[in-house]
Amino acid sequence: MNTFHDYYNTDEFAPEFLHMMELVNELGPTIAKRAIQIDKDASFPTENYEDFAKLGFLRLVIPKEFGGFGFSLGQYAMIGAEIGKYCGATALTFNMHTSSMMWSRFMYELPNLTDADRAAFAPLRERQFRNVVENNAIYSQPISEGGTNWTSKPIQTNCKKVEGGYLINGFKKFASLAGYCDYYSIVCTEHFEGIEPRHEDTMNFAVHKDTPGLEVIGEWDPIGMRGTHSKDLVLKDVFVKEEEMMMPQGMFVRTLPQWPHMMATLTPAYMGVAQGAYDYTVKYLRGEVEGLPPIDRRVYPTKRATVAKMFQKLTEMRALWHTAFMEARGFPSKAQVMRLYAAQYAVMEGVQEMTALAIRTCGGQSMLKSLPLERMYRDSRCGALMLPYTTEIMEDYLSVLTLYDMDKIDEASSDTASARISMWRPAATDAPLAAE
Ligand SMILES: Cc1cc2nc3c(=O)[nH]c(=O)nc-3n(C[C@H](O)[C@H](O)[C@H](O)COP(=O)(O)OP(=O)(O)OC[C@H]3O[C@@H](n4cnc5c(N)ncnc54)[C@H](O)[C@@H]3O)c2cc1C
């Protein structure tokens, strides 16, 4: 049976990290078993989170000085993909939590923050890290608002300064972990009298689940990734104190474009689904799936050829994706960013091809809900539409980055041109972020 030691060069990683990779795989069969009911009911994988809390997974990227593991973004991606092999929805929601921690970790480490920036940031992020390390708090990351898009215009959800804090009003669509997290990492735009909402006034707050005015609403009955429980959120005069900011005013929009890899962290879940589909296909064709008659389907050359194709596809996807994530850093080069966009594209499209090939190759029974391929097939469909890096938007970014000089990019018209606000732009690392 394939293990992560077969598809990564594990010699280059420390034992502490490899131990966490092993732990995911020890827990894997239990996660896979739970995934069946979770998918059927579109319920949240609560028990997986209880296990994650016990084993320390909630603090993977939190710096060591605060009691975390201090893993890199690439290392987190590897762990996320191992989870995704067993349950895509668990991996996707786990990303929302870890991504919230990554923002606090990596944006703080960007080289062009001034001492004053860091002094303001330090207590805010420490507060969030402590919530996780000491209380196993789970964070979600509801940014999307449905039909409108923060890649094109400022976030519609708004906050206004009041005494001692802010009042938030707005609506969030697809709030994964809705009703099951402790904090919602709410991104919103600060509004000022007489001024049109501006990107540079984007704010980010950790809103506790029990805050008055915060309500989870709506239906959740999607085609795939059903266990993400991505319901809607309504925020009506939600009061947050200043210290509940996740980062200082203005930091989010000024740092995020220089850390594009942080916007690609939905891919580990889908990389995992692709690996899971491949692993299952191999087991099935060898007649080794527990509970099924041991029929050897390897005898058919056509099935063998498809598995070869799946292996080739998977290896190609992983090689690019792993390279892109292991070189992740703030202020990446243009070449690194283009590799990242290509990796995002390869994974979100490739996973659909992988699960379709798996179904075709395993044949009729794989359509049955009793086998996991049918779920993986539906889950795989969700990746390419996740903002801000949808497949369409990746095509636009790559099309202009390949053909235009940076200063001419905005002359290239496209249906997706409005989404270019999220596209990486080169910036000097020594330009102080605070100076505005
Ligand atoms: C299972 C699942 C879980 C999710 N979890 C979360 C979560 O936890 N947090 C979160 O923030 N979001 C989450 N999302 C939302 C996701 O990231 C997208 O925002 C959402 O799928 C967009 O769907 P839509 O129909 O609202 O908008 P779309 O119509 O797809 O896009 C909205 C807007 O984006 C812009 N846009 C989109 N595509 C283009 C394009 N090709 N060119 C130019 N502009 C474009 C346009 O302004 C468009 O009106 C989740 C989605 C799914 C399916």
# chains A, B, ... in the order shown; residues from 1 in each chain; ligands from 1
>>> residues_near_ligand(ligand="ligand 1", cutoff="8 Å", atoms="only C-alpha atoms and all ligand atoms", output="compact mmCIF listing (two decimals) with N, CA and C atoms, in the first residue's frame")
# COMPACT_ATOMS: atom_id res chain seq x y z
N ALA A 89 -14.05 16.82 3.28
CA ALA A 89 -14.72 17.90 4.01
C ALA A 89 -13.98 18.24 5.30
N LEU A 92 -10.98 20.24 4.30
CA LEU A 92 -11.31 21.60 3.84
C LEU A 92 -11.64 22.52 5.01
N THR A 93 -12.40 22.01 5.96
CA THR A 93 -12.72 22.85 7.13
C THR A 93 -11.48 23.05 7.99
N MET A 96 -9.63 25.98 6.97
CA MET A 96 -10.14 27.30 7.39
C MET A 96 -9.55 27.67 8.75
N SER A 140 -13.06 29.57 12.08
CA SER A 140 -13.51 29.44 10.69
C SER A 140 -13.06 30.70 9.95
N GLN A 141 -13.29 30.71 8.65
CA GLN A 141 -12.82 31.85 7.87
C GLN A 141 -13.85 32.25 6.81
N PRO A 142 -14.98 32.79 7.24
CA PRO A 142 -16.01 33.14 6.27
C PRO A 142 -15.73 34.50 5.62
N ILE A 143 -15.30 34.47 4.39
CA ILE A 143 -15.01 35.72 3.66
C ILE A 143 -16.08 35.95 2.59
N SER A 144 -16.45 34.87 1.88
CA SER A 144 -17.35 34.99 0.73
C SER A 144 -18.70 35.57 1.13
N GLU A 145 -19.28 36.31 0.18
CA GLU A 145 -20.56 36.94 0.47
C GLU A 145 -21.63 36.54 -0.54
N GLY A 146 -21.23 35.77 -1.57
CA GLY A 146 -22.22 35.25 -2.50
C GLY A 146 -22.62 36.26 -3.55
N GLY A 147 -22.23 35.97 -4.80
CA GLY A 147 -22.63 36.86 -5.90
C GLY A 147 -21.76 38.10 -5.99
N THR A 148 -21.29 38.60 -4.87
CA THR A 148 -20.30 39.68 -4.92
C THR A 148 -18.97 39.05 -4.54
N ASN A 149 -17.93 39.79 -4.71
CA ASN A 149 -16.64 39.14 -4.58
C ASN A 149 -15.58 40.10 -4.11
N TRP A 150 -14.92 39.70 -3.05
CA TRP A 150 -13.86 40.54 -2.50
C TRP A 150 -12.66 40.62 -3.43
N THR A 151 -12.63 39.78 -4.47
CA THR A 151 -11.54 39.92 -5.43
C THR A 151 -11.81 41.11 -6.35
N SER A 152 -13.07 41.53 -6.45
CA SER A 152 -13.40 42.62 -7.36
C SER A 152 -13.67 43.93 -6.62
N LYS A 153 -14.50 43.84 -5.56
CA LYS A 153 -14.80 45.08 -4.83
C LYS A 153 -14.60 44.88 -3.33
N LYS A 172 -22.52 36.63 5.34
CA LYS A 172 -21.47 35.76 4.79
C LYS A 172 -22.10 34.51 4.23
N LYS A 173 -21.70 34.18 3.01
CA LYS A 173 -22.21 32.98 2.33
C LYS A 173 -21.14 31.90 2.43
N PHE A 174 -21.54 30.67 2.53
CA PHE A 174 -20.59 29.55 2.58
C PHE A 174 -19.63 29.68 3.76
N ALA A 175 -20.17 29.85 4.94
CA ALA A 175 -19.32 29.95 6.13
C ALA A 175 -19.05 28.54 6.64
N SER A 176 -18.05 27.86 6.07
CA SER A 176 -17.72 26.52 6.54
C SER A 176 -17.51 26.53 8.05
N LEU A 177 -17.88 25.47 8.71
CA LEU A 177 -17.84 25.29 10.18
C LEU A 177 -18.93 26.08 10.90
N PRO A 222 -25.58 20.51 -0.26
CA PRO A 222 -24.84 20.66 -1.52
C PRO A 222 -24.51 19.31 -2.17
N GLY A 224 -21.42 18.26 -2.94
CA GLY A 224 -20.22 17.65 -2.37
C GLY A 224 -19.68 18.47 -1.21
N MET A 225 -18.62 17.99 -0.60
CA MET A 225 -18.03 18.62 0.57
C MET A 225 -19.12 18.94 1.59
N ARG A 226 -19.98 17.95 1.75
CA ARG A 226 -21.19 18.16 2.56
C ARG A 226 -20.89 18.33 4.05
N THR A 228 -18.73 20.09 5.34
CA THR A 228 -18.14 21.39 5.71
C THR A 228 -19.15 22.27 6.47
N HIS A 229 -20.42 21.91 6.35
CA HIS A 229 -21.47 22.67 7.04
C HIS A 229 -21.33 24.17 6.77
N SER A 230 -21.32 24.50 5.49
CA SER A 230 -21.04 25.89 5.08
C SER A 230 -22.33 26.69 4.94
N CYS A 382 -16.02 20.51 -6.25
CA CYS A 382 -16.15 21.80 -5.55
C CYS A 382 -14.90 22.68 -5.61
N GLY A 383 -13.75 22.11 -5.92
CA GLY A 383 -12.50 22.87 -5.80
C GLY A 383 -12.35 24.01 -6.79
N LEU A 385 -14.24 26.05 -8.10
CA LEU A 385 -15.08 27.26 -8.01
C LEU A 385 -14.83 28.06 -6.74
N MET A 386 -13.77 27.68 -6.03
CA MET A 386 -13.52 28.36 -4.76
C MET A 386 -12.73 29.66 -5.01
N LEU A 387 -13.31 30.75 -4.62
CA LEU A 387 -12.64 32.05 -4.73
C LEU A 387 -11.55 32.17 -3.67
N PRO A 388 -10.53 32.97 -3.84
CA PRO A 388 -10.35 33.86 -5.00
C PRO A 388 -9.63 33.20 -6.17
N THR A 390 -10.36 30.66 -8.44
CA THR A 390 -11.12 29.71 -9.24
C THR A 390 -10.30 29.35 -10.48
N THR A 391 -10.69 28.28 -11.15
CA THR A 391 -9.98 27.89 -12.37
C THR A 391 -10.04 29.00 -13.41
N GLU A 392 -11.21 29.62 -13.53
CA GLU A 392 -11.34 30.72 -14.52
C GLU A 392 -10.37 31.85 -14.20
N ILE A 393 -10.29 32.18 -12.93
CA ILE A 393 -9.42 33.29 -12.53
C ILE A 393 -7.95 32.90 -12.71
N ASP A 415 -13.02 38.93 -19.19
CA ASP A 415 -14.21 38.86 -18.32
C ASP A 415 -13.80 38.80 -16.87
N THR A 416 -12.62 38.29 -16.63
CA THR A 416 -12.18 38.10 -15.25
C THR A 416 -11.28 39.25 -14.76
N ALA A 417 -11.15 40.30 -15.59
CA ALA A 417 -10.23 41.38 -15.22
C ALA A 417 -10.57 41.97 -13.85
N SER A 418 -11.86 41.99 -13.51
CA SER A 418 -12.26 42.59 -12.24
C SER A 418 -11.70 41.82 -11.06
N ALA A 419 -11.36 40.56 -11.29
CA ALA A 419 -10.86 39.73 -10.19
C ALA A 419 -9.36 39.93 -9.96
>>> residues_around(residues="Ala137 (chain A)", least_positions_apart="4", cutoff="6 Å", atoms="only C-alpha atoms", output="PyMOL selection string")
chain A and resi 131-132+182
>>> atom_distance(atom1="CA of Ile217 (chain A)", atom2="CA of Ser185 (chain A)")
17.3 Å
>>> closest_residue(among="A:Thr323, A:Asn48, A:Asn2, A:Thr211", to="Ala32 (chain A)", atoms="only C-alpha atoms")
A:Asn48
>>> closest_atom_pairs(of="region 281-371 of chain A", to="region 97-110 of chain A", cutoff="9 Å", atoms="only C-alpha atoms", output="tab-separated table")
residue	atom	partner	partner_atom	distance
A:Arg329	CA	A:Phe106	CA	8.5
A:Gly330	CA	A:Leu110	CA	6.0
A:Phe331	CA	A:Leu110	CA	8.0
>>> residues_around(residues="region 269-278 of chain A", least_positions_apart="4", cutoff="8 Å", atoms="only C-alpha atoms", output="ChimeraX atom specification")
/A:80-89,91-92,95,282,307,310-311,314,318,347-348,350-352,354-355,358,373,376,379-380,383
>>> write_last_selection(atoms="N, CA and C atoms", output="short mmCIF file (atom, residue, chain, number, x, y, z; two decimals), in the first residue's frame")
data_model
loop_
_atom_site.label_atom_id
_atom_site.label_comp_id
_atom_site.auth_asym_id
_atom_site.auth_seq_id
_atom_site.Cartn_x
_atom_site.Cartn_y
_atom_site.Cartn_z
N GLY A 80 -2.47 18.50 5.58
CA GLY A 80 -3.84 18.70 5.10
C GLY A 80 -4.20 17.69 4.02
N ALA A 81 -3.25 17.41 3.13
CA ALA A 81 -3.52 16.46 2.05
C ALA A 81 -3.66 15.03 2.58
N GLU A 82 -2.92 14.71 3.63
CA GLU A 82 -3.08 13.37 4.22
C GLU A 82 -4.49 13.23 4.81
N ILE A 83 -5.00 14.30 5.44
CA ILE A 83 -6.36 14.25 6.00
C ILE A 83 -7.37 14.08 4.85
N GLY A 84 -7.13 14.82 3.76
CA GLY A 84 -8.05 14.79 2.62
C GLY A 84 -8.19 13.42 1.97
N LYS A 85 -7.22 12.57 2.15
CA LYS A 85 -7.31 11.20 1.60
C LYS A 85 -8.50 10.47 2.21
N TYR A 86 -8.79 10.79 3.46
CA TYR A 86 -9.82 10.06 4.20
C TYR A 86 -11.16 10.79 4.22
N CYS A 87 -11.12 12.10 4.26
CA CYS A 87 -12.36 12.89 4.27
C CYS A 87 -12.07 14.30 3.76
N GLY A 88 -12.52 14.57 2.55
CA GLY A 88 -12.27 15.88 1.94
C GLY A 88 -12.84 17.02 2.76
N ALA A 89 -14.05 16.82 3.28
CA ALA A 89 -14.72 17.90 4.01
C ALA A 89 -13.98 18.24 5.30
N ALA A 91 -10.76 17.89 5.75
CA ALA A 91 -9.54 18.60 5.35
C ALA A 91 -9.84 20.04 4.96
N LEU A 92 -10.98 20.24 4.30
CA LEU A 92 -11.31 21.60 3.84
C LEU A 92 -11.64 22.52 5.01
N ASN A 95 -8.63 23.37 6.96
CA ASN A 95 -7.86 24.44 6.34
C ASN A 95 -8.33 25.82 6.80
N VAL A 282 -6.60 1.29 -6.55
CA VAL A 282 -5.59 0.22 -6.51
C VAL A 282 -6.08 -0.93 -5.63
N VAL A 307 -5.17 2.79 -14.53
CA VAL A 307 -4.47 3.04 -13.26
C VAL A 307 -3.10 3.66 -13.55
N MET A 310 -3.75 7.18 -14.11
CA MET A 310 -4.03 7.87 -12.84
C MET A 310 -2.73 8.14 -12.08
N PHE A 311 -1.85 7.15 -12.07
CA PHE A 311 -0.59 7.33 -11.35
C PHE A 311 0.22 8.47 -11.99
N LEU A 314 -1.47 11.82 -11.12
CA LEU A 314 -1.29 12.15 -9.71
C LEU A 314 0.15 12.60 -9.42
N ARG A 318 1.18 16.21 -8.04
CA ARG A 318 1.84 16.36 -6.75
C ARG A 318 3.21 17.04 -6.89
N VAL A 347 -4.30 21.08 -9.51
CA VAL A 347 -4.96 20.28 -8.46
C VAL A 347 -6.48 20.38 -8.59
N MET A 348 -6.99 21.61 -8.73
CA MET A 348 -8.45 21.76 -8.73
C MET A 348 -9.10 21.15 -9.98
N GLY A 350 -7.32 18.68 -11.86
CA GLY A 350 -6.83 17.30 -11.88
C GLY A 350 -7.61 16.38 -10.97
N VAL A 351 -8.05 16.89 -9.83
CA VAL A 351 -8.78 16.02 -8.89
C VAL A 351 -10.08 15.53 -9.52
N GLN A 352 -10.70 16.35 -10.34
CA GLN A 352 -11.94 15.91 -11.00
C GLN A 352 -11.65 14.79 -11.98
N MET A 354 -9.14 12.73 -11.81
CA MET A 354 -8.74 11.54 -11.04
C MET A 354 -9.96 10.76 -10.53
N THR A 355 -10.93 11.47 -9.98
CA THR A 355 -12.08 10.75 -9.41
C THR A 355 -12.96 10.18 -10.53
N ALA A 358 -11.27 7.08 -11.64
CA ALA A 358 -11.43 6.04 -10.61
C ALA A 358 -12.79 5.35 -10.75
N LEU A 373 -15.89 6.15 -3.47
CA LEU A 373 -15.52 6.88 -4.70
C LEU A 373 -16.61 7.83 -5.15
N MET A 376 -16.14 10.94 -3.23
CA MET A 376 -14.95 11.67 -3.69
C MET A 376 -15.22 12.37 -5.02
N ASP A 379 -17.17 15.42 -4.16
CA ASP A 379 -16.32 16.39 -3.46
C ASP A 379 -15.37 17.09 -4.45
N SER A 380 -14.86 16.30 -5.40
CA SER A 380 -13.83 16.84 -6.30
C SER A 380 -14.37 17.99 -7.15
N GLY A 383 -13.75 22.11 -5.92
CA GLY A 383 -12.50 22.87 -5.80
C GLY A 383 -12.35 24.01 -6.79
#
>>> closest_residue(among="A:Ala178, A:Ile295, A:Leu55, A:Leu285", to="Leu23 (chain A)", atoms="only C-alpha atoms")
A:Leu55
>>> select_by_dssp(residues="region 218-436 of chain A", states="strand (DSSP E)", output="count of residues only")
11
>>> residues_around(residues="Ala122 (chain A)", least_positions_apart="4", cutoff="12 Å", atoms="only C-alpha atoms", output="PyMOL selection string")
chain A and resi 66+104-105+107-109+113+115-118+126-129+243+245-248
